[in-house]
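The block underneath contains the structure these notes are about, expressed in structure tokens.
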Amino acid sequence: LKVQVLHLLSAMGRDLAQGSEVYVGDADKQTNNAKEKTFRTAGFAAFLLLGFTLWQSFLSTGNVYGWPSLLNLLRNEGVYSQKCDNRSICAERTVAFNLVFTVGSATNISGAVLCGVLVDSCGPRGGILTGLVLIMIGSLLMGFSDVESEFAWPLAYAFYGLGGMCVHLSSFSLGNAFGRSKGLVISMLVCVFSISALLFQGFDLVYRSGLGRDMILLLHVGLEGLNFCISAWLWPREALPPGTELCWSGCQISSTEKCSSSRSTGMGLKELCRNAFRTALTWKFACFLAFHFSQIFLNRCLMGWMEAVLQWKSD
């Protein structure tokens with residue numbers, strides 16, 4: 001009888017323990033679901049920062065891919081006209097223009113590694129501010145360089161490419177403030193990255209209306225300077241880890257974590273190099289490099305073909 005009673009009590013204890021574990025697990029799931037943010041429940045501060053970031057991305061991120069519109073402006077300004085003898089178009093001038101675009105697009109692609117290290121070290125706000133400074137330098141070079149300069153135009157476009165990528169990558173952490181809708185926010189940023197190629201089309205339209213090149217690019221510098229000030233004011237100092245909730249604090253946007261993970265801190269140089277090496281060994285990174293460098297190779301082949309055609313026409 002004692003043995004049977006002991007077996008009965010032990011069975012009742014196991015049932016109670018399993019029931020309590022199920023109850024606690026369900027309570028934790030309900031709490032996590034209540035805490036998890038969506039696009040509708042992110043809050044005013046998150047939507048304000050998202051709206052400004054989309055506007056800033058349009059002015060800053062993928063502008064280098066609007067090269068055809070900017071090319072018309074530069075041709076009308078007489079850039080590289082010294083390469084042609086009493087002709088508006090020649091093979092040497094076309095090759096020089098193609099080099100400008102190649103340098104800018106290659107810097108935009110390959111500069112992602114440097115921008116990633118910068119974001120890991122300084123946070124998203126530091127990456128955005130650095131990118132905006134680079135873009136303003138590029139606009140100043142593009143607006144006030146001599147039309148016969150050989151190196152000012154590729155250098156300006158390199159600043160455009162590197163600065164745009166820094167702003168683009170630094171904005172991705174904003175998706176952590178929207179919980180389950182993080183993919184939607186990142187998709188919006190990528191979409192605006194593609195649409196931002198229309199910025200130079202706007203430059204061309206304004207140029208045709210009578211405004212000079214220097215004034216157009218100076219206006220762009222002014223807009224980017226305004227974005228610099230607003231980014232320094234709105235973006236939080238710390239990084240935005242998953243589970244972040246954005247709120248107003250002292251006329252600024254600050255972040256508070258809703259998950260139990262600790263706040264991310266800056267890594268040392270040794271840890272950054274180690275993480276970069278581990279990333280370089282992954283097959284996804286290798287495929288990324290192969291895809292983009294194949295694009296550069298095909299672009300160079302197209303340039304060579306265009307050069308041959310133009311040389312044939314000139315002869």
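Ordering of the structure tokens sets the chain letters (A, B, ...); residue numbers start at 1 within each chain; ligands are numbered from 1 in the order shown.
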
(request) Identify, with DSSP run on backbone atoms, the residues in stretch 42-270 of chain A assigned to helix (DSSP H, G or I), and express the list as a VMD selection string. (result) chain A and resid 44 to 60 63 to 77 81 to 83 91 to 110 112 to 144 152 to 208 213 to 234 269 to 270

May I have a table of the residues of stretch 195-242 of chain A lying at most 9 Å from stretch 176-183 of chain A, giving each one's closest pair of atoms and their distance in Å to one decimal, counting only C-alpha atoms, ordered by chain and ascending residue number, as JSON lines?
{"residue": "A:Leu240", "atom": "CA", "partner": "A:Asn176", "partner_atom": "CA", "distance": 6.4}
{"residue": "A:Pro241", "atom": "CA", "partner": "A:Asn176", "partner_atom": "CA", "distance": 6.2}
{"residue": "A:Pro242", "atom": "CA", "partner": "A:Asn176", "partner_atom": "CA", "distance": 4.8}

(message) Neighbouring residues of stretch 198-204 of chain A were defined as those with any atom within 7 Å, considering only C-alpha atoms; residues of the same chain fewer than 5 positions away were excluded. Please report them as a PyMOL selection string.
(response) chain A and resi 59+63+66+69-70+73+216

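Closest to A:Ala45 among A:Thr102, A:Val117, A:Leu174, A:Glu238 is A:Leu174, based on only C-alpha atoms.
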
(request) For A:Gly104, work out the shell of residues within 7 Å, counting only C-alpha atoms and skipping chain neighbours fewer than 5 positions away, then give it as a ChimeraX atom specification. (result) /A:64,154,157-158,160-161

Limited to N, CA and C atoms, could you put the picked residues into a file as a short mmCIF file (atom, residue, chain, number, x, y, z; two decimals), in the first residue's frame?
data_model
loop_
_atom_site.label_atom_id
_atom_site.label_comp_id
_atom_site.auth_asym_id
_atom_site.auth_seq_id
_atom_site.Cartn_x
_atom_site.Cartn_y
_atom_site.Cartn_z
N VAL A 64 24.22 57.41 -58.11
CA VAL A 64 25.23 57.11 -59.13
C VAL A 64 24.64 56.37 -60.32
N PRO A 154 35.96 61.70 -61.84
CA PRO A 154 35.91 60.36 -61.21
C PRO A 154 35.97 60.41 -59.69
N TYR A 157 32.54 61.35 -58.36
CA TYR A 157 31.59 60.24 -58.46
C TYR A 157 31.92 59.12 -57.48
N ALA A 158 33.20 58.96 -57.15
CA ALA A 158 33.58 57.99 -56.12
C ALA A 158 33.02 58.41 -54.76
N TYR A 160 30.31 60.15 -54.35
CA TYR A 160 28.88 59.86 -54.44
C TYR A 160 28.60 58.38 -54.13
N GLY A 161 29.38 57.49 -54.75
CA GLY A 161 29.15 56.06 -54.56
C GLY A 161 29.39 55.59 -53.14
#

(request) Point out the residue among A:Leu50, A:Cys191, A:Met165, A:Ile253 with the least atom-to-atom distance to A:Ser105, counting only C-alpha atoms. (result) A:Met165

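Distance annotation: of A:Leu49, A:Leu99, A:Cys166, A:Leu226, the residue with the minimal separation from A:Gly127 is A:Cys166; atom set is only C-alpha atoms.
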
(request) Would you mind listing what lies within 10 Å of A:Leu74 as an NGL selection string, with only C-alpha atoms counted and same-chain residues fewer than 3 positions away left out? (result) :A and (68-71 or 77-81 or 97 or 142 or 147 or 153 or 204 or 213)

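One finds atom CA of A:Ser196 at 19.1 Å from atom CA of A:Leu140.
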